[in-house]
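Data block for upload13.cif (mmCIF, N, CA, C and O atoms):
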```cif
data_upload
loop_
_atom_site.label_atom_id
_atom_site.label_comp_id
_atom_site.auth_asym_id
_atom_site.auth_seq_id
_atom_site.Cartn_x
_atom_site.Cartn_y
_atom_site.Cartn_z
N MET A 1376 -18.25 -11.11 -20.11
CA MET A 1376 -17.78 -10.61 -18.83
C MET A 1376 -16.88 -11.65 -18.19
O MET A 1376 -17.12 -12.84 -18.28
N ALA A 1377 -15.83 -11.19 -17.57
CA ALA A 1377 -14.85 -12.09 -16.95
C ALA A 1377 -15.43 -12.73 -15.69
O ALA A 1377 -16.24 -12.14 -14.99
N ASN A 1378 -14.97 -13.96 -15.43
CA ASN A 1378 -15.40 -14.60 -14.20
C ASN A 1378 -14.51 -14.15 -13.04
O ASN A 1378 -13.50 -13.46 -13.23
N ILE A 1379 -14.86 -14.55 -11.84
CA ILE A 1379 -14.16 -14.09 -10.64
C ILE A 1379 -12.68 -14.46 -10.67
O ILE A 1379 -11.82 -13.65 -10.31
N ASP A 1380 -12.37 -15.65 -11.12
CA ASP A 1380 -10.96 -16.06 -11.17
C ASP A 1380 -10.17 -15.20 -12.15
O ASP A 1380 -9.01 -14.84 -11.89
N GLU A 1381 -10.78 -14.85 -13.27
CA GLU A 1381 -10.10 -13.99 -14.24
C GLU A 1381 -9.89 -12.58 -13.68
O GLU A 1381 -8.85 -11.97 -13.90
N ILE A 1382 -10.90 -12.11 -12.95
CA ILE A 1382 -10.78 -10.78 -12.34
C ILE A 1382 -9.66 -10.79 -11.30
O ILE A 1382 -8.82 -9.89 -11.27
N ARG A 1383 -9.63 -11.81 -10.46
CA ARG A 1383 -8.57 -11.92 -9.45
C ARG A 1383 -7.20 -11.98 -10.12
O ARG A 1383 -6.25 -11.34 -9.66
N ALA A 1384 -7.09 -12.75 -11.18
CA ALA A 1384 -5.82 -12.85 -11.90
C ALA A 1384 -5.42 -11.50 -12.48
O ALA A 1384 -4.24 -11.11 -12.43
N GLY A 1385 -6.38 -10.79 -13.02
CA GLY A 1385 -6.10 -9.47 -13.58
C GLY A 1385 -5.65 -8.48 -12.52
O GLY A 1385 -4.71 -7.70 -12.74
N ILE A 1386 -6.29 -8.52 -11.37
CA ILE A 1386 -5.89 -7.64 -10.27
C ILE A 1386 -4.50 -8.03 -9.78
O ILE A 1386 -3.66 -7.17 -9.50
N GLY A 1387 -4.23 -9.33 -9.70
CA GLY A 1387 -2.91 -9.79 -9.31
C GLY A 1387 -1.84 -9.31 -10.28
O GLY A 1387 -0.75 -8.89 -9.88
N ALA A 1388 -2.16 -9.35 -11.57
CA ALA A 1388 -1.20 -8.88 -12.58
C ALA A 1388 -0.97 -7.37 -12.44
O ALA A 1388 0.16 -6.90 -12.57
N ALA A 1389 -2.04 -6.64 -12.16
CA ALA A 1389 -1.91 -5.19 -11.97
C ALA A 1389 -1.02 -4.89 -10.77
O ALA A 1389 -0.14 -4.02 -10.83
N ASN A 1390 -1.23 -5.60 -9.69
CA ASN A 1390 -0.41 -5.38 -8.50
C ASN A 1390 1.04 -5.81 -8.72
O ASN A 1390 1.96 -5.22 -8.16
N GLN A 1391 1.25 -6.82 -9.55
CA GLN A 1391 2.62 -7.23 -9.87
C GLN A 1391 3.34 -6.11 -10.63
O GLN A 1391 4.48 -5.79 -10.34
N ARG A 1392 2.64 -5.51 -11.58
CA ARG A 1392 3.23 -4.39 -12.32
C ARG A 1392 3.51 -3.21 -11.38
O ARG A 1392 4.54 -2.55 -11.48
N ALA A 1393 2.59 -2.98 -10.44
CA ALA A 1393 2.78 -1.90 -9.47
C ALA A 1393 4.00 -2.19 -8.59
O ALA A 1393 4.77 -1.28 -8.29
N THR A 1394 4.17 -3.44 -8.21
CA THR A 1394 5.33 -3.83 -7.41
C THR A 1394 6.61 -3.55 -8.19
O THR A 1394 7.60 -3.05 -7.63
N GLU A 1395 6.61 -3.86 -9.46
CA GLU A 1395 7.77 -3.57 -10.31
C GLU A 1395 8.03 -2.07 -10.37
O GLU A 1395 9.19 -1.63 -10.34
N SER A 1396 6.97 -1.29 -10.42
CA SER A 1396 7.14 0.17 -10.47
C SER A 1396 7.75 0.68 -9.17
O SER A 1396 8.51 1.65 -9.18
N LEU A 1397 7.44 0.03 -8.05
CA LEU A 1397 8.03 0.45 -6.78
C LEU A 1397 9.55 0.29 -6.80
O LEU A 1397 10.28 1.14 -6.28
N GLY A 1398 10.02 -0.78 -7.41
CA GLY A 1398 11.45 -0.97 -7.56
C GLY A 1398 12.08 0.13 -8.40
O GLY A 1398 13.15 0.66 -8.07
N ALA A 1399 11.40 0.49 -9.46
CA ALA A 1399 11.90 1.57 -10.32
C ALA A 1399 11.90 2.90 -9.57
O ALA A 1399 12.84 3.69 -9.69
N LEU A 1400 10.87 3.14 -8.78
CA LEU A 1400 10.80 4.38 -8.01
C LEU A 1400 11.93 4.45 -6.97
O LEU A 1400 12.52 5.51 -6.77
N ARG A 1401 12.23 3.33 -6.34
CA ARG A 1401 13.34 3.31 -5.39
C ARG A 1401 14.65 3.65 -6.10
O ARG A 1401 15.48 4.41 -5.58
N HIS A 1402 14.82 3.12 -7.30
CA HIS A 1402 16.02 3.41 -8.08
C HIS A 1402 16.08 4.91 -8.41
O HIS A 1402 17.14 5.54 -8.29
N VAL A 1403 14.97 5.47 -8.82
CA VAL A 1403 14.91 6.89 -9.16
C VAL A 1403 15.24 7.73 -7.93
O VAL A 1403 16.04 8.68 -8.00
N ARG A 1404 14.61 7.41 -6.80
CA ARG A 1404 14.87 8.18 -5.58
C ARG A 1404 16.35 8.12 -5.20
O ARG A 1404 16.96 9.14 -4.86
N ASN A 1405 16.93 6.93 -5.26
CA ASN A 1405 18.35 6.79 -4.93
C ASN A 1405 19.22 7.63 -5.87
O ASN A 1405 20.19 8.26 -5.43
N ALA A 1406 18.90 7.62 -7.15
CA ALA A 1406 19.68 8.40 -8.12
C ALA A 1406 19.56 9.90 -7.82
O ALA A 1406 20.56 10.63 -7.91
N ILE A 1407 18.38 10.36 -7.47
CA ILE A 1407 18.18 11.77 -7.15
C ILE A 1407 18.96 12.13 -5.89
O ILE A 1407 19.62 13.17 -5.82
N GLU A 1408 18.90 11.25 -4.88
CA GLU A 1408 19.64 11.50 -3.64
C GLU A 1408 21.15 11.54 -3.91
O GLU A 1408 21.86 12.37 -3.34
N GLU A 1409 21.63 10.65 -4.75
CA GLU A 1409 23.06 10.65 -5.11
C GLU A 1409 23.44 11.93 -5.84
O GLU A 1409 24.53 12.48 -5.63
N ALA A 1410 22.55 12.41 -6.70
CA ALA A 1410 22.82 13.66 -7.41
C ALA A 1410 22.91 14.82 -6.42
O ALA A 1410 23.83 15.66 -6.52
N GLY A 1411 22.00 14.87 -5.47
CA GLY A 1411 22.04 15.92 -4.46
C GLY A 1411 23.30 15.84 -3.61
O GLY A 1411 23.92 16.87 -3.29
N SER A 1412 23.69 14.64 -3.26
CA SER A 1412 24.90 14.43 -2.47
C SER A 1412 26.14 14.86 -3.25
O SER A 1412 27.04 15.53 -2.71
N ALA A 1413 26.20 14.48 -4.51
CA ALA A 1413 27.33 14.86 -5.35
C ALA A 1413 27.42 16.38 -5.48
O ALA A 1413 28.51 16.96 -5.39
N LEU A 1414 26.26 17.02 -5.66
CA LEU A 1414 26.25 18.47 -5.75
C LEU A 1414 26.76 19.08 -4.45
O LEU A 1414 27.57 20.01 -4.47
N SER A 1415 26.30 18.56 -3.31
CA SER A 1415 26.75 19.07 -2.02
C SER A 1415 28.25 18.93 -1.86
O SER A 1415 28.93 19.85 -1.39
N GLN A 1416 28.79 17.78 -2.24
CA GLN A 1416 30.22 17.55 -2.12
C GLN A 1416 31.02 18.50 -3.00
O GLN A 1416 32.07 19.01 -2.60
N GLN A 1417 30.53 18.74 -4.19
CA GLN A 1417 31.27 19.57 -5.14
C GLN A 1417 31.16 21.06 -4.82
O GLN A 1417 32.01 21.84 -5.25
N THR A 1418 30.11 21.44 -4.11
CA THR A 1418 29.92 22.86 -3.82
C THR A 1418 30.16 23.20 -2.36
O THR A 1418 29.93 24.33 -1.94
N TYR A 1419 30.65 22.24 -1.58
CA TYR A 1419 30.91 22.47 -0.16
C TYR A 1419 31.88 23.64 0.02
O TYR A 1419 32.93 23.70 -0.62
N GLY A 1420 31.50 24.55 0.90
CA GLY A 1420 32.37 25.68 1.19
C GLY A 1420 32.24 26.85 0.24
O GLY A 1420 32.85 27.89 0.44
N THR A 1421 31.46 26.68 -0.79
CA THR A 1421 31.29 27.78 -1.74
C THR A 1421 30.32 28.82 -1.18
O THR A 1421 29.47 28.50 -0.34
N ALA A 1422 30.46 30.01 -1.63
CA ALA A 1422 29.56 31.09 -1.21
C ALA A 1422 28.33 31.17 -2.10
O ALA A 1422 27.50 32.06 -1.93
N GLN A 1423 28.20 30.25 -3.00
CA GLN A 1423 27.06 30.25 -3.93
C GLN A 1423 25.78 29.83 -3.20
O GLN A 1423 25.61 28.67 -2.86
N GLN A 1424 24.90 30.76 -2.95
CA GLN A 1424 23.66 30.43 -2.25
C GLN A 1424 22.74 29.56 -3.10
O GLN A 1424 21.98 28.76 -2.57
N ASP A 1425 22.84 29.71 -4.40
CA ASP A 1425 21.98 28.90 -5.25
C ASP A 1425 22.40 27.43 -5.25
O ASP A 1425 21.61 26.56 -5.59
N ALA A 1426 23.62 27.13 -4.81
CA ALA A 1426 24.03 25.73 -4.68
C ALA A 1426 23.20 25.04 -3.60
O ALA A 1426 22.75 23.90 -3.77
N GLU A 1427 22.98 25.72 -2.49
CA GLU A 1427 22.14 25.15 -1.43
C GLU A 1427 20.69 25.01 -1.90
O GLU A 1427 20.02 24.03 -1.61
N GLN A 1428 20.24 25.97 -2.67
CA GLN A 1428 18.89 25.89 -3.22
C GLN A 1428 18.77 24.70 -4.16
O GLN A 1428 17.78 23.96 -4.12
N ALA A 1429 19.77 24.47 -4.98
CA ALA A 1429 19.74 23.33 -5.89
C ALA A 1429 19.72 22.02 -5.12
O ALA A 1429 18.98 21.10 -5.46
N ARG A 1430 20.52 21.93 -4.04
CA ARG A 1430 20.52 20.73 -3.23
C ARG A 1430 19.15 20.50 -2.61
O ARG A 1430 18.63 19.39 -2.57
N ALA A 1431 18.53 21.58 -2.14
CA ALA A 1431 17.19 21.49 -1.56
C ALA A 1431 16.18 21.03 -2.61
O ALA A 1431 15.25 20.28 -2.29
N LEU A 1432 16.36 21.46 -3.83
CA LEU A 1432 15.45 21.03 -4.90
C LEU A 1432 15.60 19.54 -5.19
O LEU A 1432 14.61 18.85 -5.45
N PHE A 1433 16.84 19.03 -5.13
CA PHE A 1433 17.03 17.58 -5.26
C PHE A 1433 16.32 16.84 -4.13
O PHE A 1433 15.68 15.83 -4.35
N ALA A 1434 16.45 17.36 -2.92
CA ALA A 1434 15.78 16.74 -1.77
C ALA A 1434 14.26 16.76 -1.94
O ALA A 1434 13.57 15.78 -1.64
N ALA A 1435 13.74 17.86 -2.44
CA ALA A 1435 12.30 17.97 -2.67
C ALA A 1435 11.85 16.99 -3.75
O ALA A 1435 10.77 16.37 -3.64
N ALA A 1436 12.66 16.82 -4.78
CA ALA A 1436 12.32 15.86 -5.83
C ALA A 1436 12.29 14.44 -5.27
O ALA A 1436 11.38 13.66 -5.59
N ALA A 1437 13.25 14.11 -4.41
CA ALA A 1437 13.26 12.77 -3.79
C ALA A 1437 12.02 12.58 -2.93
O ALA A 1437 11.42 11.50 -2.92
N ALA A 1438 11.59 13.63 -2.23
CA ALA A 1438 10.39 13.54 -1.40
C ALA A 1438 9.15 13.32 -2.27
O ALA A 1438 8.23 12.58 -1.88
N LYS A 1439 9.11 13.93 -3.43
CA LYS A 1439 7.98 13.72 -4.35
C LYS A 1439 7.93 12.26 -4.81
O LYS A 1439 6.85 11.68 -4.95
N VAL A 1440 9.08 11.66 -5.04
CA VAL A 1440 9.12 10.25 -5.41
C VAL A 1440 8.55 9.41 -4.27
O VAL A 1440 7.80 8.46 -4.50
N ASP A 1441 8.87 9.78 -3.03
CA ASP A 1441 8.31 9.08 -1.87
C ASP A 1441 6.79 9.18 -1.87
O ASP A 1441 6.10 8.21 -1.56
N GLU A 1442 6.26 10.36 -2.21
CA GLU A 1442 4.81 10.54 -2.28
C GLU A 1442 4.19 9.63 -3.33
O GLU A 1442 3.13 9.03 -3.10
N VAL A 1443 4.82 9.52 -4.48
CA VAL A 1443 4.33 8.64 -5.54
C VAL A 1443 4.34 7.20 -5.06
O VAL A 1443 3.39 6.44 -5.28
N GLU A 1444 5.42 6.81 -4.39
CA GLU A 1444 5.53 5.45 -3.87
C GLU A 1444 4.40 5.15 -2.89
O GLU A 1444 3.78 4.09 -2.95
N GLN A 1445 4.10 6.09 -2.03
CA GLN A 1445 2.99 5.92 -1.08
C GLN A 1445 1.65 5.79 -1.82
O GLN A 1445 0.81 4.97 -1.45
N ALA A 1446 1.47 6.58 -2.85
CA ALA A 1446 0.24 6.52 -3.63
C ALA A 1446 0.09 5.16 -4.31
O ALA A 1446 -1.02 4.61 -4.38
N VAL A 1447 1.19 4.60 -4.80
CA VAL A 1447 1.14 3.27 -5.41
C VAL A 1447 0.74 2.23 -4.37
O VAL A 1447 -0.09 1.35 -4.64
N HIS A 1448 1.28 2.34 -3.17
CA HIS A 1448 0.89 1.40 -2.10
C HIS A 1448 -0.60 1.50 -1.79
O HIS A 1448 -1.27 0.48 -1.60
N VAL A 1449 -1.12 2.71 -1.73
CA VAL A 1449 -2.55 2.91 -1.47
C VAL A 1449 -3.38 2.26 -2.57
O VAL A 1449 -4.38 1.58 -2.30
N ALA A 1450 -2.97 2.46 -3.81
CA ALA A 1450 -3.69 1.87 -4.94
C ALA A 1450 -3.65 0.35 -4.88
O ALA A 1450 -4.67 -0.32 -5.14
N MET A 1451 -2.50 -0.20 -4.54
CA MET A 1451 -2.37 -1.65 -4.44
C MET A 1451 -3.27 -2.20 -3.33
O MET A 1451 -3.91 -3.25 -3.50
N ASN A 1452 -3.32 -1.49 -2.21
CA ASN A 1452 -4.20 -1.92 -1.12
C ASN A 1452 -5.66 -1.88 -1.54
O ASN A 1452 -6.45 -2.77 -1.19
N ALA A 1453 -6.03 -0.86 -2.29
CA ALA A 1453 -7.41 -0.76 -2.78
C ALA A 1453 -7.73 -1.93 -3.71
O ALA A 1453 -8.82 -2.51 -3.65
N ALA A 1454 -6.78 -2.28 -4.56
CA ALA A 1454 -6.97 -3.42 -5.47
C ALA A 1454 -7.09 -4.71 -4.67
O ALA A 1454 -7.93 -5.57 -4.98
N ASP A 1455 -6.27 -4.86 -3.63
CA ASP A 1455 -6.36 -6.05 -2.77
C ASP A 1455 -7.71 -6.12 -2.08
O ASP A 1455 -8.27 -7.23 -1.91
N ASP A 1456 -8.26 -4.98 -1.70
CA ASP A 1456 -9.58 -4.96 -1.07
C ASP A 1456 -10.65 -5.47 -2.02
O ASP A 1456 -11.58 -6.19 -1.63
N ILE A 1457 -10.51 -5.12 -3.30
CA ILE A 1457 -11.47 -5.60 -4.30
C ILE A 1457 -11.39 -7.12 -4.39
O ILE A 1457 -12.40 -7.82 -4.39
N THR A 1458 -10.17 -7.63 -4.46
CA THR A 1458 -9.97 -9.08 -4.55
C THR A 1458 -10.57 -9.78 -3.34
O THR A 1458 -11.21 -10.82 -3.48
N ALA A 1459 -10.41 -9.20 -2.17
CA ALA A 1459 -10.93 -9.81 -0.94
C ALA A 1459 -12.45 -9.89 -0.94
O ALA A 1459 -13.02 -10.81 -0.34
N ARG A 1460 -13.09 -8.96 -1.63
CA ARG A 1460 -14.57 -8.95 -1.66
C ARG A 1460 -15.13 -9.89 -2.73
O ARG A 1460 -16.33 -10.15 -2.76
N LEU A 1461 -14.30 -10.38 -3.62
CA LEU A 1461 -14.79 -11.26 -4.69
C LEU A 1461 -15.09 -12.64 -4.16
O LEU A 1461 -14.51 -13.17 -3.29
#
```

Rewritten as structure tokens:
Amino acid sequence: MANIDEIRAGIGAANQRATESLGALRHVRNAIEEAGSALSQQTYGTAQQDAEQARALFAAAAAKVDEVEQAVHVAMNAADDITARL
């Protein structure tokens, strides 16, 4: 069984990986937002109603990435709580 210092180090490593994932999620969200913006620019003024629906779907996808980011923060806080109790 690992000692307390090893457990703390392992939790720290897990949170470091989670922090890296947050950077990746920000990149993904930005790319999705750029895709939605590009679609809006290219379809501006068109009578295609599905173009607006597609833009809304890009916005919804970006919001889902935000939800994942929040979940990662919650998980990291829970891991920090474990470390604090050791």

Write out as an mmCIF file with N, CA, C and O atoms, in the coordinates of the input the residues lying within 12 Å of Gln1428 in chain A, counting only C-alpha atoms and excluding same-chain residues fewer than 3 positions away.
```
data_model
loop_
_atom_site.group_PDB
_atom_site.id
_atom_site.type_symbol
_atom_site.label_atom_id
_atom_site.label_comp_id
_atom_site.auth_asym_id
_atom_site.auth_seq_id
_atom_site.Cartn_x
_atom_site.Cartn_y
_atom_site.Cartn_z
ATOM 1 N N GLY A 1411 22.000 14.870 -5.470
ATOM 2 C CA GLY A 1411 22.040 15.920 -4.460
ATOM 3 C C GLY A 1411 23.300 15.840 -3.610
ATOM 4 O O GLY A 1411 23.920 16.870 -3.290
ATOM 5 N N LEU A 1414 26.260 17.020 -5.660
ATOM 6 C CA LEU A 1414 26.250 18.470 -5.750
ATOM 7 C C LEU A 1414 26.760 19.080 -4.450
ATOM 8 O O LEU A 1414 27.570 20.010 -4.470
ATOM 9 N N SER A 1415 26.300 18.560 -3.310
ATOM 10 C CA SER A 1415 26.750 19.070 -2.020
ATOM 11 C C SER A 1415 28.250 18.930 -1.860
ATOM 12 O O SER A 1415 28.930 19.850 -1.390
ATOM 13 N N THR A 1418 30.110 21.440 -4.110
ATOM 14 C CA THR A 1418 29.920 22.860 -3.820
ATOM 15 C C THR A 1418 30.160 23.200 -2.360
ATOM 16 O O THR A 1418 29.930 24.330 -1.940
ATOM 17 N N GLN A 1423 28.200 30.250 -3.000
ATOM 18 C CA GLN A 1423 27.060 30.250 -3.930
ATOM 19 C C GLN A 1423 25.780 29.830 -3.200
ATOM 20 O O GLN A 1423 25.610 28.670 -2.860
ATOM 21 N N GLN A 1424 24.900 30.760 -2.950
ATOM 22 C CA GLN A 1424 23.660 30.430 -2.250
ATOM 23 C C GLN A 1424 22.740 29.560 -3.100
ATOM 24 O O GLN A 1424 21.980 28.760 -2.570
ATOM 25 N N ASP A 1425 22.840 29.710 -4.400
ATOM 26 C CA ASP A 1425 21.980 28.900 -5.250
ATOM 27 C C ASP A 1425 22.400 27.430 -5.250
ATOM 28 O O ASP A 1425 21.610 26.560 -5.590
ATOM 29 N N ALA A 1431 18.530 21.580 -2.140
ATOM 30 C CA ALA A 1431 17.190 21.490 -1.560
ATOM 31 C C ALA A 1431 16.180 21.030 -2.610
ATOM 32 O O ALA A 1431 15.250 20.280 -2.290
ATOM 33 N N LEU A 1432 16.360 21.460 -3.830
ATOM 34 C CA LEU A 1432 15.450 21.030 -4.900
ATOM 35 C C LEU A 1432 15.600 19.540 -5.190
ATOM 36 O O LEU A 1432 14.610 18.850 -5.450
ATOM 37 N N PHE A 1433 16.840 19.030 -5.130
ATOM 38 C CA PHE A 1433 17.030 17.580 -5.260
ATOM 39 C C PHE A 1433 16.320 16.840 -4.130
ATOM 40 O O PHE A 1433 15.680 15.830 -4.350
ATOM 41 N N ALA A 1434 16.450 17.360 -2.920
ATOM 42 C CA ALA A 1434 15.780 16.740 -1.770
ATOM 43 C C ALA A 1434 14.260 16.760 -1.940
ATOM 44 O O ALA A 1434 13.570 15.780 -1.640
ATOM 45 N N ALA A 1435 13.740 17.860 -2.440
ATOM 46 C CA ALA A 1435 12.300 17.970 -2.670
ATOM 47 C C ALA A 1435 11.850 16.990 -3.750
ATOM 48 O O ALA A 1435 10.770 16.370 -3.640
#
```

Contacts of range 1397-1405 of chain A at 7 Å (all atoms listed in the file; same-chain gap of 5+ positions) as number ranges by chain: A: 1391-1392, 1410-1411, 1433, 1436-1437, 1440-1441, 1444

For range 1381-1386 of chain A, list every protein, DNA or RNA residue within 7 Å, evaluated using all atoms listed in the file, and leave out those in the same chain fewer than 3 positions away; present the list as a list of chain:residue names.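 Counting all atoms listed in the file, the residues come to A:Ala1377, A:Asn1378, A:Ala1389, A:Asn1390, A:Gln1391, A:Arg1392, A:Ala1454, A:Asp1455, A:Thr1458.
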
Could you work out how far atom O of Lys1439 in chain A lies from atom O of Glu1427 in chain A, giving the answer in Å with one decimal? 18.4 Å

Gap from atom N of Arg1460 in chain A to atom C of Gln1445 in chain A - Å, one decimal: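 About the pair atom N of Arg1460 in chain A and atom C of Gln1445 in chain A: they are 20.9 Å apart.
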
Find the distance between CA of Ile1379 in chain A and atom O of Asp1456 in chain A and write it in Å to one decimal.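 Pair CA of Ile1379 in chain A / atom O of Asp1456 in chain A returns 12.3 Å.
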
With only C-alpha atoms as the basis for distance, which of A:Ile1407, A:Ala1426, A:Ala1438, A:Ala1393 is at the shortest distance from Asn1452 in chain A? A:Ala1393

Selected residue of minimal separation from Glu1395 in chain A among A:Ile1457, A:Glu1408, A:Ala1429, A:Val1447, counting only C-alpha atoms: A:Val1447
